[in-house]
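With mmCIF, C-alpha atoms inside, this is input-v1.cif:
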```
data_run
loop_
_atom_site.label_atom_id
_atom_site.label_comp_id
_atom_site.auth_asym_id
_atom_site.auth_seq_id
_atom_site.Cartn_x
_atom_site.Cartn_y
_atom_site.Cartn_z
CA LEU K 17 -23.20 -47.94 16.66
CA LYS K 18 -20.14 -48.88 14.59
CA GLN K 19 -19.70 -45.28 13.40
CA ARG K 20 -20.19 -43.93 16.92
CA THR K 21 -17.57 -46.35 18.26
CA GLN K 22 -15.13 -45.19 15.59
CA TYR K 23 -15.60 -41.53 16.54
CA GLU K 24 -15.26 -42.26 20.25
CA TRP K 25 -11.99 -44.08 19.59
CA ARG K 26 -10.68 -41.10 17.67
CA ALA K 27 -11.67 -38.74 20.47
CA ARG K 28 -9.94 -40.82 23.13
CA SER K 29 -6.77 -40.97 21.02
CA LEU K 30 -6.55 -37.17 21.03
CA PHE K 31 -8.01 -35.98 24.27
CA ARG K 32 -7.40 -37.54 27.69
CA MET K 33 -10.44 -37.44 29.97
CA ALA K 34 -10.65 -37.73 33.73
CA PRO K 35 -12.22 -41.00 34.96
CA GLY K 36 -16.00 -40.64 35.09
CA ALA K 37 -16.01 -37.43 33.07
CA ARG K 38 -18.87 -36.72 30.68
CA GLY K 39 -18.53 -35.61 27.06
CA ARG K 40 -19.92 -35.89 23.57
CA VAL K 41 -18.33 -36.77 20.24
CA ALA K 42 -19.04 -35.10 16.92
CA ALA K 43 -17.44 -35.22 13.47
CA ALA K 44 -13.74 -36.02 13.17
CA ALA K 45 -11.20 -33.31 12.35
CA PRO K 46 -9.43 -32.91 8.98
CA PRO K 47 -6.48 -35.32 8.50
CA THR K 48 -3.56 -33.20 9.66
CA LEU K 49 -1.94 -33.02 13.07
CA LEU K 50 -2.58 -29.28 13.40
CA ASN K 51 -6.22 -29.67 12.37
CA ARG K 52 -6.73 -32.38 14.95
CA PHE K 53 -5.38 -30.08 17.66
CA ALA K 54 -7.54 -27.27 16.28
CA ALA K 55 -10.69 -29.42 16.48
CA LEU K 56 -10.37 -30.04 20.21
CA THR K 57 -13.12 -28.40 22.22
CA LEU K 58 -14.13 -28.19 25.86
CA ARG K 59 -17.68 -28.99 26.79
CA ASP K 60 -19.45 -25.82 27.89
CA GLY K 61 -20.73 -25.92 31.47
CA ASP K 62 -22.09 -23.68 34.15
CA ASP K 63 -20.29 -22.56 37.28
CA ASN K 64 -21.01 -25.88 38.97
CA ASP K 65 -19.56 -27.94 36.11
CA GLN K 66 -15.94 -26.85 36.03
CA ASP K 67 -14.68 -30.42 35.71
CA SER K 68 -16.63 -31.17 32.55
CA ALA K 69 -14.87 -33.35 30.01
CA GLY K 70 -13.59 -32.62 26.54
CA SER K 71 -14.78 -33.73 23.14
CA VAL K 72 -13.80 -33.59 19.49
CA GLY K 73 -15.90 -31.37 17.29
CA GLY K 74 -15.94 -29.95 13.78
CA GLU K 75 -14.68 -26.51 12.89
CA ASN K 76 -18.17 -24.99 12.59
CA GLU K 77 -19.87 -26.92 15.38
CA ASP K 78 -22.75 -25.09 17.11
CA GLU K 79 -22.28 -22.03 14.90
CA GLU K 80 -25.31 -20.32 13.33
CA THR K 81 -25.25 -19.54 9.62
CA GLU K 82 -26.52 -16.15 8.49
CA GLU K 83 -28.50 -16.31 5.26
CA GLU K 84 -27.46 -14.06 2.36
CA PRO K 85 -30.16 -11.85 0.75
CA GLU K 86 -31.44 -13.34 -2.51
CA ASP K 87 -30.81 -10.17 -4.52
CA GLN K 88 -27.27 -9.66 -3.27
CA GLU K 89 -24.17 -11.59 -4.23
CA PRO K 90 -22.20 -12.98 -1.29
CA PRO K 91 -18.90 -11.18 -0.65
CA GLU K 92 -15.72 -12.81 -1.88
CA ARG K 93 -13.92 -14.59 0.93
CA THR K 94 -10.25 -15.40 1.19
CA PRO K 95 -9.58 -18.86 2.64
CA PRO K 96 -7.57 -18.83 5.87
CA SER K 97 -3.88 -19.73 5.64
CA ARG K 98 -4.28 -22.22 8.50
CA PRO K 99 -7.32 -23.81 10.18
CA THR K 100 -8.99 -21.92 12.98
CA THR K 101 -8.61 -23.36 16.43
CA LYS K 102 -10.96 -23.89 19.32
CA PHE K 103 -8.23 -22.79 21.74
CA ASP K 104 -6.15 -19.66 22.05
CA TYR K 105 -3.14 -21.27 23.73
CA PHE K 106 -1.53 -24.69 24.02
CA ALA K 107 0.21 -24.93 27.41
CA VAL K 108 3.01 -27.46 26.83
CA LEU K 109 4.59 -28.93 29.96
CA ASP K 110 7.29 -31.47 30.74
CA PHE K 111 8.24 -32.24 34.33
CA GLU K 112 11.59 -33.49 35.62
CA CYS K 113 11.50 -35.59 38.79
CA THR K 114 13.71 -37.20 41.40
CA CYS K 115 15.09 -40.49 40.14
CA ASP K 116 17.95 -42.98 40.27
CA ARG K 117 19.46 -45.49 37.89
CA ALA K 118 18.05 -48.44 39.87
CA GLY K 119 14.55 -46.96 40.15
CA TRP K 120 12.76 -44.68 42.60
CA PRO K 121 9.94 -45.45 45.06
CA ALA K 122 8.05 -42.14 44.81
CA HIS K 123 8.92 -39.41 42.31
CA GLU K 124 8.87 -35.74 43.26
CA ILE K 125 8.78 -32.98 40.63
CA ILE K 126 11.94 -30.85 40.66
CA GLU K 127 11.46 -28.80 37.45
CA PHE K 128 8.10 -27.34 36.46
CA PRO K 129 8.14 -25.66 33.01
CA VAL K 130 5.12 -24.65 30.90
CA VAL K 131 5.56 -23.20 27.39
CA PHE K 132 2.55 -21.28 26.04
CA VAL K 133 2.10 -21.63 22.28
CA ASN K 134 -0.19 -19.16 20.52
CA ALA K 135 -2.67 -21.38 18.64
CA SER K 136 -3.02 -18.84 15.81
CA THR K 137 0.65 -18.08 15.17
CA LEU K 138 2.19 -21.30 16.58
CA GLN K 139 4.80 -19.10 18.25
CA VAL K 140 5.78 -19.24 21.91
CA ASP K 141 4.37 -16.09 23.51
CA PHE K 142 5.50 -16.67 27.11
CA GLU K 143 6.87 -19.31 29.47
CA PHE K 144 6.53 -20.33 33.09
CA ARG K 145 9.42 -22.16 34.73
CA GLN K 146 10.35 -22.90 38.32
CA PHE K 147 12.44 -25.45 40.14
CA VAL K 148 10.68 -27.35 42.92
CA ARG K 149 12.08 -28.38 46.29
CA PRO K 150 11.64 -32.11 47.09
CA ILE K 151 10.75 -32.79 50.72
CA GLU K 152 10.32 -36.58 50.92
CA ARG K 153 13.89 -37.24 49.78
CA ALA K 154 15.59 -33.87 49.72
CA ARG K 155 18.94 -35.02 48.30
CA LEU K 156 19.21 -35.50 44.53
CA THR K 157 21.14 -38.55 43.41
CA ALA K 158 24.23 -38.14 41.26
CA PHE K 159 22.35 -39.92 38.45
CA CYS K 160 19.45 -37.45 38.68
CA GLN K 161 21.74 -34.43 38.58
CA GLN K 162 23.64 -35.80 35.59
CA LEU K 163 20.46 -36.76 33.70
CA THR K 164 18.54 -33.52 34.22
CA GLY K 165 21.36 -31.03 34.68
CA ILE K 166 19.64 -29.77 37.84
CA GLN K 167 21.97 -29.11 40.75
CA GLN K 168 21.20 -29.60 44.43
CA SER K 169 21.60 -25.89 45.13
CA ALA K 170 18.82 -25.08 42.62
CA VAL K 171 16.20 -27.22 44.36
CA ASP K 172 17.37 -26.26 47.85
CA ALA K 173 16.50 -22.64 47.05
CA ALA K 174 13.20 -23.51 45.32
CA LEU K 175 9.59 -23.42 46.51
CA SER K 176 7.53 -26.47 47.44
CA LEU K 177 5.24 -28.10 44.86
CA GLU K 178 2.15 -26.59 46.47
CA ALA K 179 3.67 -23.11 46.29
CA VAL K 180 4.74 -23.57 42.65
CA LEU K 181 1.23 -24.70 41.68
CA ALA K 182 -0.10 -21.54 43.33
CA GLU K 183 2.48 -19.48 41.40
CA LEU K 184 1.32 -21.07 38.13
CA HIS K 185 -2.31 -20.27 38.95
CA THR K 186 -1.38 -16.64 39.59
CA PHE K 187 0.57 -16.62 36.30
CA LEU K 188 -2.51 -17.87 34.42
CA ARG K 189 -4.70 -15.20 36.00
CA THR K 190 -2.14 -12.50 35.22
CA HIS K 191 -2.16 -13.51 31.55
CA ARG K 192 -5.96 -13.84 31.62
CA LEU K 193 -5.98 -17.51 30.62
CA VAL K 194 -9.08 -19.59 31.34
CA CYS K 195 -9.85 -23.30 31.03
CA ARG K 196 -13.64 -23.17 30.55
CA ARG K 197 -15.16 -22.20 27.23
CA ALA K 198 -17.95 -20.34 29.05
CA ASP K 199 -15.31 -17.98 30.49
CA ARG K 200 -13.68 -17.22 27.12
CA SER K 201 -13.89 -13.63 25.86
CA PRO K 202 -11.74 -11.16 23.91
CA GLU K 203 -9.99 -10.37 27.19
CA HIS K 204 -9.77 -13.95 28.48
CA ARG K 205 -8.03 -16.54 26.32
CA LEU K 206 -8.86 -20.26 26.43
CA PHE K 207 -5.98 -22.68 27.00
CA VAL K 208 -5.48 -26.43 27.20
CA LEU K 209 -2.56 -28.40 28.65
CA CYS K 210 -0.38 -30.52 26.36
CA THR K 211 2.00 -33.31 27.35
CA ASP K 212 4.26 -35.87 25.73
CA GLY K 213 2.36 -38.94 26.91
CA HIS K 214 0.44 -39.49 30.12
CA TRP K 215 3.35 -39.76 32.56
CA ASP K 216 3.64 -36.11 33.60
CA ILE K 217 0.11 -35.86 34.97
CA LEU K 218 -0.95 -39.44 35.75
CA LYS K 219 2.36 -40.81 37.07
CA PHE K 220 4.09 -37.72 38.48
CA LEU K 221 1.77 -34.84 39.39
CA ARG K 222 -1.34 -36.62 40.63
CA PRO K 223 0.40 -39.25 42.83
CA GLU K 224 2.64 -36.61 44.44
CA CYS K 225 -0.31 -34.29 45.08
CA ALA K 226 -2.27 -37.21 46.57
CA ARG K 227 0.57 -38.05 48.95
CA LYS K 228 0.97 -34.41 49.99
CA LYS K 229 -2.77 -33.65 50.18
CA ILE K 230 -2.55 -30.93 47.51
CA LEU K 231 -5.76 -30.02 45.69
CA LEU K 232 -5.49 -29.52 41.93
CA GLU K 233 -7.32 -26.91 39.87
CA PRO K 234 -9.91 -28.06 37.26
CA TYR K 235 -7.56 -27.52 34.31
CA TRP K 236 -5.48 -30.51 35.45
CA GLN K 237 -8.41 -32.82 34.65
CA ARG K 238 -7.92 -32.73 30.86
CA TRP K 239 -5.04 -32.43 28.45
CA VAL K 240 -3.83 -33.17 24.91
CA ASP K 241 -1.59 -36.26 24.69
CA VAL K 242 0.72 -35.14 21.86
CA ARG K 243 2.51 -38.49 21.59
CA ARG K 244 -0.73 -40.39 21.21
CA ALA K 245 -2.19 -37.88 18.74
CA PHE K 246 1.00 -38.05 16.66
CA ALA K 247 0.96 -41.87 16.55
CA HIS K 248 -2.69 -41.91 15.54
CA GLU K 249 -2.27 -39.27 12.84
CA PHE K 250 0.80 -40.81 11.19
CA ARG K 251 -0.31 -44.41 11.79
CA CYS K 252 2.86 -45.32 13.65
CA SER K 253 3.81 -46.56 17.09
CA LYS K 254 4.27 -44.04 19.89
CA CYS K 255 7.73 -42.53 19.66
CA SER K 256 10.07 -40.10 21.40
CA ILE K 257 10.26 -36.35 20.99
CA GLU K 258 13.37 -36.78 18.84
CA ASP K 259 11.58 -39.21 16.51
CA MET K 260 8.55 -36.95 16.16
CA LEU K 261 10.80 -34.01 15.30
CA GLU K 262 12.66 -36.13 12.76
CA LYS K 263 9.35 -36.78 10.99
CA PHE K 264 9.28 -33.04 10.22
CA GLY K 265 12.99 -32.85 9.35
CA LEU K 266 13.85 -31.11 12.65
CA ASP K 267 16.60 -31.72 15.17
CA PHE K 268 16.19 -31.56 18.93
CA GLU K 269 17.29 -28.16 20.26
CA GLY K 270 18.84 -27.91 23.71
CA ARG K 271 19.49 -30.60 26.30
CA PRO K 272 17.36 -33.77 26.46
CA HIS K 273 15.79 -34.32 29.92
CA SER K 274 15.89 -30.61 30.60
CA GLY K 275 12.23 -29.94 31.32
CA VAL K 276 12.10 -26.54 29.65
CA ASP K 277 14.03 -27.75 26.57
CA ASP K 278 11.79 -30.79 26.25
CA ALA K 279 8.69 -28.58 26.49
CA ARG K 280 10.04 -26.18 23.85
CA ASN K 281 10.68 -29.06 21.46
CA ILE K 282 7.23 -30.57 22.04
CA ALA K 283 5.86 -27.11 21.17
CA ARG K 284 7.67 -27.29 17.82
CA ILE K 285 5.74 -30.49 16.98
CA LEU K 286 2.40 -28.67 17.23
#
```

As C-alpha cells, what does this structure read like?
Amino acid sequence: LKQRTQYEWRARSLFRMAPGARGRVAAAAPPTLLNRFAALTLRDGDDNDQDSAGSVGGENEDEETEEEPEDQEPPERTPPSRPTTKFDYFAVLDFECTCDRAGWPAHEIIEFPVVFVNASTLQVDFEFRQFVRPIERARLTAFCQQLTGIQQSAVDAALSLEAVLAELHTFLRTHRLVCRRADRSPEHRLFVLCTDGHWDILKFLRPECARKKILLEPYWQRWVDVRRAFAHEFRCSKCSIEDMLEKFGLDFEGRPHSGVDDARNIARIL
C-alpha cells in the first residue's frame, strides 16, 4: 500500500486528471524531465470511453518480447540517443485573458495559441494562434492592453471563443492529430496538451465555457502540468517560466505575457 501510494503521488504530480476519471499507475519513469514526459500514457478505451484518464507507465509497458532463437546470436543494437515517447506531439498552450490591475470578475480568453512540439525531435513543427473576441465585457482595459500587448482592434476583428475552439478542432483534424491511443496509427499522431500550471484550463477555459454553454472536446479533460512536473523533478518549489528556463541556462525569448511567446518558451523547457 505504501509503494502504491508513492506511485500514485508521482502520477498525480505529472498528469492532471479530470474529477472522477479512472486510471492505473505502473512503474515510475527514469529520473529526467524529458523521460517523465516520455513515460506519460493515455489509458486505451473503446469508442464509448473517450474521456478515460491518463496514467504513468514504463517505457516497455504492455509490449510483447520476441524470443531469440537459441542457435542464433541476437543482432547488435544501438541505444537510442533520447528516450522513446508515448506521444507524438506535445501541444503547449498559454492563454491571455481580460484583466485589470484591481482584479476582474470573470476572465475571457483573448489570445489562444498552441505550439506543437514534435516529441521525437523536440522541435516546433507547427503552431495555432488566434485572437478571441470577448463578449461579456468587450472593451479591454488599458492595463490589459499594456500587459499583453493585445490591442482593441485585434479582438474586435476576432472570432468568438466557440468559433476559435471549432477552428482548433479543424486544425487538429487537418494535421491528423488524435487524443486517444486506440486511434493512433502511422497516419494519425497522438498528442497531449501541456500547460504552465492549472490556470489556463481550470481557471480560464472551463469557467468561461460553462458560462457560455460551450461543450469541450475530450482532449480538454487531461493535460501535462509542466510547472508541477518541473518542481517535482528538481525538488524545488513551483516557479515561473523564466526561472525554469534559467535552470537550463536559457533566457526568455520574446515578450512576457504574450500568449504565443509564453507557449514557445514553455516548449523550450520540454

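With distances restricted to only C-alpha atoms, K:Glu127 is the closest residue to K:Phe147 from K:Glu127, K:Asp267, K:Glu183, K:Asp277.
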
Which residue of K:Leu193, K:Val180, K:Ala283, K:Ala174 approaches K:Asp212 most closely, using only C-alpha atoms: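 Closest to K:Asp212, using only C-alpha atoms: K:Ala283.
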
Hits from the PyMOL selection byres ((chain K and resi 225) around 12), listed as a PyMOL selection string: chain K and resi 122-125+176-179+181+217-224+226-233+236

Could you check the closest approach to K:His273 for each of K:Gln146, K:Thr101, K:Gln162, K:Ser169 and tell me which residue wins, using all atoms listed in the file? K:Gln162

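Straight-line separation from atom CA of K:Ala154 to atom CA of K:Trp215: 21.9 Å.
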
Compare K:Thr190, K:Ser201, K:Gln161, K:Thr211 by their minimum atom-to-atom distance to K:Phe246, counting all atoms listed in the file, and give me the closest one. K:Thr211

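What separates atom CA of K:Gly213 from atom CA of K:Cys255 is a distance of 9.7 Å.
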
The PyMOL selection byres ((chain K and resi 258) around 12) on the file shown: which residues, as a PyMOL selection string? chain K and resi 212+243+254-257+259-273+277-278+281-282+284-285

Name every residue that the PyMOL selection byres ((chain K and resi 136) around 8) selects in this structure, writing the answer as number ranges by chain with chains first and numbers rising. K: 100-101, 104, 134-135, 137-138

Create the file for the chosen residues now, containing C-alpha atoms and written as a CSV table (one decimal), in the frame of the given file.
```
chain,number,residue,atom,x,y,z
K,100,THR,CA,-9.0,-21.9,13.0
K,101,THR,CA,-8.6,-23.4,16.4
K,104,ASP,CA,-6.2,-19.7,22.0
K,134,ASN,CA,-0.2,-19.2,20.5
K,135,ALA,CA,-2.7,-21.4,18.6
K,137,THR,CA,0.6,-18.1,15.2
K,138,LEU,CA,2.2,-21.3,16.6
```

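If you look at atom CA of K:Phe144 and atom CA of K:Val130, they are 5.0 Å away from each other.
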
Quick one: 5 Å padding each side, axis-aligned, all listed atoms of stretch 182-185 of chain K - centre and edge lengths in Å to one decimal, as lines of an AutoDock Vina configuration file?
```
center_x = 0.1
center_y = -20.5
center_z = 40.7
size_x = 14.8
size_y = 12.1
size_z = 15.2
```

Could you tell me which of K:Glu152, K:Asp141, K:Glu249, K:Asp216 comes closest to K:Asp110 if we count only C-alpha atoms?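 Using only C-alpha atoms, the shortest distance to K:Asp110 belongs to K:Asp216.
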
Neighbours of K:Pro202 within 12 Å (all atoms listed in the file; same-chain residues fewer than 2 positions away dropped), as an mmCIF file with C-alpha atoms, in the coordinates of the input?
```
data_model
loop_
_atom_site.group_PDB
_atom_site.id
_atom_site.type_symbol
_atom_site.label_atom_id
_atom_site.label_comp_id
_atom_site.auth_asym_id
_atom_site.auth_seq_id
_atom_site.Cartn_x
_atom_site.Cartn_y
_atom_site.Cartn_z
ATOM 1 C CA ASP K 104 -6.150 -19.660 22.050
ATOM 2 C CA ARG K 192 -5.960 -13.840 31.620
ATOM 3 C CA LEU K 193 -5.980 -17.510 30.620
ATOM 4 C CA VAL K 194 -9.080 -19.590 31.340
ATOM 5 C CA ASP K 199 -15.310 -17.980 30.490
ATOM 6 C CA ARG K 200 -13.680 -17.220 27.120
ATOM 7 C CA HIS K 204 -9.770 -13.950 28.480
ATOM 8 C CA ARG K 205 -8.030 -16.540 26.320
ATOM 9 C CA LEU K 206 -8.860 -20.260 26.430
#
```

Nearest to K:Ala173 among K:Trp120, K:Arg149, K:Cys115, K:Arg280, with distances taken over all atoms listed in the file: which residue is it? K:Arg149
